[in-house]
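Some notes on the structure that comes next.
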Amino acid sequence: MVIVMGQKDYKKGSITLWGAVGMGTGVMLGAAIFAVLGQVAQLAGNLMTFAYVGGAIIATFSAYTYIKMSNSYPSAGGIGMFFVKTYGKGTITASAALLMAASMVLSQSLIARTFGTYTLQLFNIGPQSWLVPVLGVGLLIFAFIVNISKNYIIETFTSAISVVKIIGLAIFSFAALIAAGFSLGALPQTFSLGVAPPTIPAQQGLGLAASFALALLSFKGFTTITNSGAEIVEPHKNIGRAIIISIAILALLYVFIALAVSSSLSVPEIIAAKDYALAAAASPTLGVYGLWFTVGIAILSTVTVSIGSLFAVSRLTAMLSKMKLIPHSHLGMKGRVQKHMLIYLLIISSILTILFDLSRIASIGAIFYLVMDIIFQWGVLRGIRKNINARASIITISIALNIIVLSAFVWMKVQMDIFIVLLAVLIIVAIFIGEQYFLKSYLSKE
């Protein structure tokens with residue numbers, strides 16, 4: 001995915017339905033499917049494919065509220081403006097929007113490390129190498145340079161890149177399945193409810209529920225479509241269509257990818273290669289050319305998504321700054337606030353890329369996203385549901401699913417890596433306390 005680049009504002013009616021689909025699939029088809037697949041297998045075991053089916057279902061229920069909000073309030077502000085409409089300009093809005101921004105920054109770091117990890121597979125260098133964060137930071141710097149260059153990639157190219165990535169991964173999936181001798185008759189065995197390997201926590205049902213949280217990372221990019229609500233042709237009709245089409249296309253693709261990987265590697269092998277599972281799955285069945293092809297698609301995906309994702313999060317944080325919902329200091333810099341945000345985000349993303357591995361980055365990002373979404377869905381349910389003509393039953397189901405998945409994921413992570421849970425909770429509490437202090441301080445000065 002790459003959105004229109006540069007510091008210019010978007011123009012009303014400049015994005016068609018299929019342009020929006022290209023934008024949505026482009027950002028969703030980023031690092032998550034390349035980096036998180038092995039972590040999903042670690043939680044779900046041989047039910048890995050079901051994790052992506054469940055993730056798609058949860059994303060669809062969640063998307064219902066975003067679609068209803070976009071239909072009523074199509075805006076370039078996207079999720080930030082939705083929170084303002086739901087909670088007003090206060091601590092909850094600022095904190096929840098910051099959680100979304102933090103989740104997007106973590107996605108930047110996830111993309112960066114994935115780029116480094118897959119690139120090094122061409123040279124048979126493992127993910128523990130110091131070159132992974134070096135390459136990752138290099139990608140972030142490149143994305144920053146593109147964002148401040150005032151050049152832009154037009155919508156048709158954006159859509160073309162998305163199509164290339166989808167077709168490329170579809171080719172990989174079908175080729176891997178055929179090479180592994182997969183047939184429809186093998187489906188019952190593939191979806192077997194057998195006992196998970198000992199490297200996976202024994203509570204496989206709980207593990208499957210927890211895996212939905214990571215699978216959601218491969219779908220949560222649909223919210224990017226709402227960020228361009230004011231620019232999409234016939235937004236009241238096409239925003240919802242674009243979101244649903246994007247989720248449906250990628251749900252089908254992810255299922256095929258999961259089947260292809262599981263047909264080439266055993267669950268323990270997938271877990272062992274969890275940071276580069278697709279590349280590892282390509283080698284046994286497709287050989288060195290399959291490896292090159294898969295790594296090439298991964299590099300293309302991470303580079304394009306990094307550029308667009310950095311722009312999107314800089315736009316969100318700049319909007320929050322202009323609304324006086326988050327603190328901002330020019331630090332002597334000239335130019336637009338969004339350009340300043342690009343610099344801050346580059347620094348933060350680079351630090352995260354250096355300090356944390358893929359598993360921890362993905363885990364914190366999943367927790368932040370789910371907490372943010374629960375706050376958003378609850379605000380709509382109790383506040384403006386009738387104003388946007390949304391069904392309480394669907395929003396309630398979405399909240400319940402999010403709570404179940406978040407609870408299962410946190411519980412599993414407590415057993416596997418309690419540090420990352422404590423860190424996520426600490427950051428969330430710090431954000432809310434910090435925002436409350438900032439807003440009170442700002443209002444007192446006003």
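Chain labels A, B, ... are given in the sequence in which chains occur in the structure tokens; within each chain residues are numbered consecutively from 1, and ligands are likewise numbered from 1 in the order shown.
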Got a sec: who's within 6 Å of region 42-57 of chain A, counting only C-alpha atoms, leaving out chain neighbours fewer than 4 positions off, as a list in words?
-> Ala196, Ile200, Gly207, Leu208, Ser211, Phe212, Ala215, Leu216, Ala251, Val255, Ala258 and Ile271 of chain A
Contacts of region 413-428 of chain A at 8 Å or less, counting only C-alpha atoms, minus same-chain residues fewer than 6 places along, as a PDB file with N, CA and C atoms, in the first residue's frame?
```
ATOM      1  N   LEU A  99      -3.299   5.355  21.293  1.00  0.00           N
ATOM      2  CA  LEU A  99      -3.103   3.904  21.250  1.00  0.00           C
ATOM      3  C   LEU A  99      -3.116   3.410  19.809  1.00  0.00           C
ATOM      4  N   ARG A 360       7.667  -9.665  20.098  1.00  0.00           N
ATOM      5  CA  ARG A 360       7.259  -8.681  21.100  1.00  0.00           C
ATOM      6  C   ARG A 360       6.599  -7.459  20.466  1.00  0.00           C
ATOM      7  N   SER A 363       3.077  -8.496  19.592  1.00  0.00           N
ATOM      8  CA  SER A 363       2.242  -8.695  20.776  1.00  0.00           C
ATOM      9  C   SER A 363       1.755  -7.368  21.350  1.00  0.00           C
ATOM     10  N   ILE A 364       2.662  -6.412  21.504  1.00  0.00           N
ATOM     11  CA  ILE A 364       2.257  -5.110  22.029  1.00  0.00           C
ATOM     12  C   ILE A 364       1.284  -4.433  21.070  1.00  0.00           C
ATOM     13  N   ILE A 367      -2.227  -5.918  21.433  1.00  0.00           N
ATOM     14  CA  ILE A 367      -2.888  -5.478  22.666  1.00  0.00           C
ATOM     15  C   ILE A 367      -3.380  -4.043  22.526  1.00  0.00           C
ATOM     16  N   PHE A 368      -2.548  -3.158  22.016  1.00  0.00           N
ATOM     17  CA  PHE A 368      -2.943  -1.757  21.841  1.00  0.00           C
ATOM     18  C   PHE A 368      -4.158  -1.638  20.925  1.00  0.00           C
TER      19      PHE A 368
END
```
Shell of 10 Å around region 33-41 of chain A, only C-alpha atoms, local chain residues under 6 positions omitted, as a ChimeraX atom specification = /A:47-49,51-52,110-111,113-115,117-118,196,200,207-208,210-215,217-219,254,257-258,261-262,266-279,294-295,297-298,301-302,358-359,362-363
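Here CA of Ile239 (chain A) stands at a distance of 16.6 Å from CA of Gly80 (chain A).
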Contacts of region 220-223 of chain A at 9 Å (only C-alpha atoms; same-chain gap of 4+ positions) as a VMD selection string = chain A and resid 23 to 29 59 63 66 78 to 79 216 227 242 to 244 246 to 247 369
Convert the current residue selection to file output with all heavy atoms, as a tab-separated table (two decimals), in the first residue's frame.
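What follows is the written file again.tsv:
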```tsv
chain	number	residue	atom	x	y	z
A	23	MET	N	-5.94	0.45	-1.79
A	23	MET	CA	-5.33	1.06	-0.62
A	23	MET	C	-5.50	0.16	0.61
A	23	MET	O	-4.56	-0.06	1.37
A	23	MET	CB	-5.98	2.43	-0.36
A	23	MET	CG	-5.41	3.19	0.81
A	23	MET	SD	-5.97	4.91	0.80
A	23	MET	CE	-7.75	4.70	0.72
A	24	GLY	N	-6.72	-0.37	0.77
A	24	GLY	CA	-6.99	-1.22	1.93
A	24	GLY	C	-6.23	-2.53	1.90
A	24	GLY	O	-5.59	-2.92	2.88
A	25	THR	N	-6.27	-3.22	0.76
A	25	THR	CA	-5.54	-4.49	0.65
A	25	THR	C	-4.04	-4.25	0.72
A	25	THR	O	-3.29	-5.07	1.25
A	25	THR	CB	-5.88	-5.21	-0.67
A	25	THR	OG1	-5.64	-4.33	-1.77
A	25	THR	CG2	-7.33	-5.65	-0.68
A	26	GLY	N	-3.61	-3.11	0.20
A	26	GLY	CA	-2.19	-2.81	0.21
A	26	GLY	C	-1.62	-2.68	1.60
A	26	GLY	O	-0.56	-3.23	1.91
A	27	VAL	N	-2.33	-1.96	2.48
A	27	VAL	CA	-1.82	-1.78	3.83
A	27	VAL	C	-2.02	-3.03	4.68
A	27	VAL	O	-1.23	-3.33	5.57
A	27	VAL	CB	-2.47	-0.55	4.51
A	27	VAL	CG1	-3.91	-0.82	4.89
A	27	VAL	CG2	-1.67	-0.12	5.72
A	28	MET	N	-3.09	-3.79	4.41
A	28	MET	CA	-3.30	-5.03	5.17
A	28	MET	C	-2.29	-6.10	4.78
A	28	MET	O	-1.84	-6.88	5.62
A	28	MET	CB	-4.73	-5.55	4.94
A	28	MET	CG	-5.80	-4.79	5.71
A	28	MET	SD	-7.41	-5.62	5.70
A	28	MET	CE	-8.06	-5.08	4.15
A	29	LEU	N	-1.94	-6.11	3.50
A	29	LEU	CA	-1.00	-7.12	3.01
A	29	LEU	C	0.43	-6.59	3.19
A	29	LEU	O	1.13	-6.31	2.25
A	29	LEU	CB	-1.27	-7.44	1.54
A	29	LEU	CG	-0.53	-8.65	0.94
A	29	LEU	CD1	-0.78	-9.89	1.75
A	29	LEU	CD2	-0.94	-8.84	-0.50
A	59	ALA	N	-12.70	-9.10	12.39
A	59	ALA	CA	-12.45	-7.84	11.68
A	59	ALA	C	-13.73	-7.34	10.99
A	59	ALA	O	-13.99	-6.13	10.96
A	59	ALA	CB	-11.34	-8.03	10.65
A	63	ALA	N	-15.47	-3.92	11.67
A	63	ALA	CA	-15.58	-2.97	10.55
A	63	ALA	C	-16.98	-2.38	10.43
A	63	ALA	O	-17.13	-1.26	9.93
A	63	ALA	CB	-15.21	-3.67	9.25
A	66	TYR	N	-17.10	1.00	12.00
A	66	TYR	CA	-16.32	1.98	11.24
A	66	TYR	C	-17.05	2.38	9.97
A	66	TYR	O	-17.02	3.55	9.56
A	66	TYR	CB	-14.95	1.39	10.89
A	66	TYR	CG	-14.04	1.22	12.07
A	66	TYR	CD1	-14.07	0.06	12.85
A	66	TYR	CD2	-13.14	2.22	12.43
A	66	TYR	CE1	-13.24	-0.11	13.94
A	66	TYR	CE2	-12.29	2.06	13.52
A	66	TYR	CZ	-12.35	0.89	14.28
A	66	TYR	OH	-11.53	0.74	15.36
A	78	GLY	N	-10.46	10.24	9.78
A	78	GLY	CA	-10.61	8.83	10.10
A	78	GLY	C	-10.87	8.57	11.56
A	78	GLY	O	-11.73	9.20	12.18
A	79	ILE	N	-10.12	7.63	12.17
A	79	ILE	CA	-10.36	7.19	13.52
A	79	ILE	C	-10.26	8.33	14.52
A	79	ILE	O	-10.98	8.36	15.52
A	79	ILE	CB	-9.38	6.04	13.89
A	79	ILE	CG1	-9.73	5.45	15.26
A	79	ILE	CG2	-7.95	6.52	13.83
A	79	ILE	CD1	-11.05	4.75	15.30
A	216	LEU	N	-5.53	-10.77	13.59
A	216	LEU	CA	-6.17	-9.47	13.36
A	216	LEU	C	-5.19	-8.43	12.84
A	216	LEU	O	-5.59	-7.49	12.14
A	216	LEU	CB	-6.81	-8.96	14.66
A	216	LEU	CG	-8.26	-9.38	14.95
A	216	LEU	CD1	-8.67	-8.95	16.34
A	216	LEU	CD2	-9.20	-8.80	13.91
A	227	ASN	N	-9.62	6.70	6.82
A	227	ASN	CA	-8.83	7.93	6.88
A	227	ASN	C	-8.97	8.77	5.62
A	227	ASN	O	-8.64	9.96	5.63
A	227	ASN	CB	-7.34	7.59	7.08
A	227	ASN	CG	-7.05	7.00	8.43
A	227	ASN	OD1	-7.85	7.13	9.35
A	227	ASN	ND2	-5.93	6.32	8.56
A	242	ALA	N	-15.60	-0.94	-0.02
A	242	ALA	CA	-14.15	-1.11	-0.11
A	242	ALA	C	-13.61	-1.92	1.07
A	242	ALA	O	-12.75	-2.79	0.91
A	242	ALA	CB	-13.46	0.25	-0.16
A	243	ILE	N	-14.12	-1.65	2.28
A	243	ILE	CA	-13.66	-2.37	3.47
A	243	ILE	C	-14.01	-3.84	3.39
A	243	ILE	O	-13.17	-4.72	3.63
A	243	ILE	CB	-14.25	-1.73	4.74
A	243	ILE	CG1	-13.60	-0.35	4.99
A	243	ILE	CG2	-14.06	-2.64	5.96
A	243	ILE	CD1	-14.21	0.41	6.14
A	244	ILE	N	-15.26	-4.14	3.05
A	244	ILE	CA	-15.70	-5.54	3.00
A	244	ILE	C	-14.99	-6.31	1.89
A	244	ILE	O	-14.56	-7.46	2.08
A	244	ILE	CB	-17.23	-5.61	2.79
A	244	ILE	CG1	-17.95	-5.01	4.00
A	244	ILE	CG2	-17.67	-7.06	2.59
A	244	ILE	CD1	-17.61	-5.65	5.33
A	246	SER	N	-12.03	-5.66	0.65
A	246	SER	CA	-10.64	-5.83	1.05
A	246	SER	C	-10.47	-6.98	2.04
A	246	SER	O	-9.57	-7.82	1.90
A	246	SER	CB	-10.11	-4.53	1.68
A	246	SER	OG	-10.13	-3.47	0.75
A	247	ILE	N	-11.34	-7.03	3.04
A	247	ILE	CA	-11.27	-8.10	4.04
A	247	ILE	C	-11.52	-9.45	3.38
A	247	ILE	O	-10.82	-10.44	3.66
A	247	ILE	CB	-12.27	-7.86	5.18
A	247	ILE	CG1	-11.85	-6.63	6.00
A	247	ILE	CG2	-12.37	-9.08	6.10
A	247	ILE	CD1	-12.85	-6.23	7.08
A	369	TYR	N	-4.13	-2.36	19.81
A	369	TYR	CA	-5.22	-2.27	18.85
A	369	TYR	C	-6.54	-2.75	19.45
A	369	TYR	O	-7.58	-2.10	19.30
A	369	TYR	CB	-4.91	-3.06	17.59
A	369	TYR	CG	-6.07	-3.10	16.61
A	369	TYR	CD1	-6.38	-1.98	15.86
A	369	TYR	CD2	-6.86	-4.24	16.49
A	369	TYR	CE1	-7.47	-1.99	14.98
A	369	TYR	CE2	-7.94	-4.26	15.62
A	369	TYR	CZ	-8.24	-3.13	14.87
A	369	TYR	OH	-9.32	-3.15	14.02
```
If we count only C-alpha atoms, what is near region 170-179 of chain A at a cut-off of 9 Å, once residues fewer than 2 positions away on the same chain are taken out, given as number ranges by chain?
-> A: 165-168, 181-183, 253, 256-261, 263-264, 281-282, 285-286, 290, 293-294
Residues as selected, C-alpha atoms, written as a PDB file, in the first residue's frame, can you do that?
```
ATOM      1  CA  LYS A 165       1.466  -8.536  -4.120  1.00  0.00           C
ATOM      2  CA  ILE A 166      -1.828 -10.435  -4.085  1.00  0.00           C
ATOM      3  CA  ILE A 167      -1.082 -12.292  -7.328  1.00  0.00           C
ATOM      4  CA  GLY A 168       2.465 -13.023  -6.169  1.00  0.00           C
ATOM      5  CA  GLY A 181       0.999 -32.911  -3.430  1.00  0.00           C
ATOM      6  CA  PHE A 182      -1.936 -31.197  -1.749  1.00  0.00           C
ATOM      7  CA  SER A 183      -5.444 -32.205  -2.784  1.00  0.00           C
ATOM      8  CA  LEU A 253      -5.540 -15.249   0.369  1.00  0.00           C
ATOM      9  CA  PHE A 256      -4.395 -20.300   1.088  1.00  0.00           C
ATOM     10  CA  ILE A 257      -1.074 -19.030   2.445  1.00  0.00           C
ATOM     11  CA  ALA A 258      -1.625 -20.821   5.761  1.00  0.00           C
ATOM     12  CA  LEU A 259      -2.508 -24.024   3.902  1.00  0.00           C
ATOM     13  CA  ALA A 260       0.566 -23.680   1.680  1.00  0.00           C
ATOM     14  CA  VAL A 261       2.931 -23.178   4.621  1.00  0.00           C
ATOM     15  CA  SER A 263       1.631 -28.338   3.633  1.00  0.00           C
ATOM     16  CA  SER A 264       5.365 -27.662   3.339  1.00  0.00           C
ATOM     17  CA  ALA A 281       8.122 -22.945   3.416  1.00  0.00           C
ATOM     18  CA  ALA A 282       9.191 -21.969  -0.103  1.00  0.00           C
ATOM     19  CA  THR A 285       8.858 -27.451  -2.214  1.00  0.00           C
ATOM     20  CA  LEU A 286       9.818 -24.718  -4.674  1.00  0.00           C
ATOM     21  CA  GLY A 290      10.712 -20.170  -4.880  1.00  0.00           C
ATOM     22  CA  PHE A 293      10.289 -15.171  -5.408  1.00  0.00           C
ATOM     23  CA  THR A 294       8.842 -15.205  -1.875  1.00  0.00           C
TER      24      THR A 294
END
```
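With distances restricted to only C-alpha atoms, A:Leu206 is the closest residue to Trp411 (chain A) from A:Ser109, A:Trp378, A:Ser162, A:Leu206.
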Tell me, which residues of region 134-380 of chain A carry DSSP alpha helix (DSSP H), written as a count of residues only?
-> 185
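Proximity ranking of A:Met323, A:Ile399, A:Leu381, A:Ala32 relative to Gly90 (chain A) places A:Met323 first, based on only C-alpha atoms.
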Rounded to one decimal place, report the CA of Ile245 (chain A)-CA of Val163 (chain A) distance in Å.
-> 13.6 Å
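Every protein or nucleic acid residue with an atom no more than 6 Å from region 91-95 of chain A, counting only C-alpha atoms and leaving out same-chain residues fewer than 6 positions away, appears here: Phe83, Leu325, Ile431, Phe432, Glu435 and Gln436 of chain A.
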With N, CA and C atoms kept, could you save the residues just selected as a PDB file, in the first residue's frame?
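And here is the file that came out, again-v9.pdb:
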```pdb
ATOM      1  N   PHE A  83     -13.367   9.297  17.170  1.00  0.00           N
ATOM      2  CA  PHE A  83     -13.301   9.392  18.631  1.00  0.00           C
ATOM      3  C   PHE A  83     -13.828  10.738  19.120  1.00  0.00           C
ATOM      4  N   LEU A 325      -4.785  17.886  21.314  1.00  0.00           N
ATOM      5  CA  LEU A 325      -5.066  16.694  22.108  1.00  0.00           C
ATOM      6  C   LEU A 325      -3.784  15.983  22.543  1.00  0.00           C
ATOM      7  N   ILE A 431      -0.107   6.481  29.103  1.00  0.00           N
ATOM      8  CA  ILE A 431      -0.765   7.303  28.078  1.00  0.00           C
ATOM      9  C   ILE A 431      -1.987   8.008  28.657  1.00  0.00           C
ATOM     10  N   PHE A 432      -2.830   7.274  29.387  1.00  0.00           N
ATOM     11  CA  PHE A 432      -4.048   7.872  29.942  1.00  0.00           C
ATOM     12  C   PHE A 432      -3.718   8.916  31.006  1.00  0.00           C
ATOM     13  N   GLU A 435      -2.073  11.970  29.263  1.00  0.00           N
ATOM     14  CA  GLU A 435      -3.044  12.768  28.521  1.00  0.00           C
ATOM     15  C   GLU A 435      -3.932  13.582  29.464  1.00  0.00           C
ATOM     16  N   GLN A 436      -4.334  12.984  30.553  1.00  0.00           N
ATOM     17  CA  GLN A 436      -5.174  13.706  31.519  1.00  0.00           C
ATOM     18  C   GLN A 436      -4.418  14.906  32.085  1.00  0.00           C
TER      19      GLN A 436
END
```
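For the residues A:Pro74, A:Gly126, A:Gly30, A:Gly434, ranking by smallest atom-to-atom distance to His236 (chain A) using only C-alpha atoms places A:Pro74 first.
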Cut-off 8 Å: closest region 74-177 of chain A/region 305-321 of chain A atom pairs per residue, using only C-alpha atoms, as CSV:
```
residue,atom,partner,partner_atom,distance
A:Gly77,CA,A:Leu316,CA,7.0
A:Gly80,CA,A:Leu316,CA,6.8
A:Ala94,CA,A:Leu320,CA,7.4
A:Leu98,CA,A:Thr317,CA,7.7
A:Ala101,CA,A:Val313,CA,5.9
A:Met104,CA,A:Val313,CA,6.3
A:Val105,CA,A:Val313,CA,7.2
A:Gln108,CA,A:Ser306,CA,6.2
A:Ile111,CA,A:Ser306,CA,6.5
A:Ala112,CA,A:Ser306,CA,7.5
A:Leu139,CA,A:Ser306,CA,7.7
A:Leu140,CA,A:Ser306,CA,7.1
A:Ala143,CA,A:Ile307,CA,4.6
A:Phe144,CA,A:Ile307,CA,7.3
A:Val146,CA,A:Ile307,CA,7.0
A:Asn147,CA,A:Phe311,CA,6.5
```
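Closest to Ile67 (chain A) among A:Pro327, A:Gly365, A:Gly22, A:Gly240 is A:Gly240, based on only C-alpha atoms.
Of the listed residues A:Pro133, A:Lys85, A:Ile15, A:Arg241, the one whose atoms come nearest to Ser349 (chain A) is A:Pro133, with distances taken using only C-alpha atoms.
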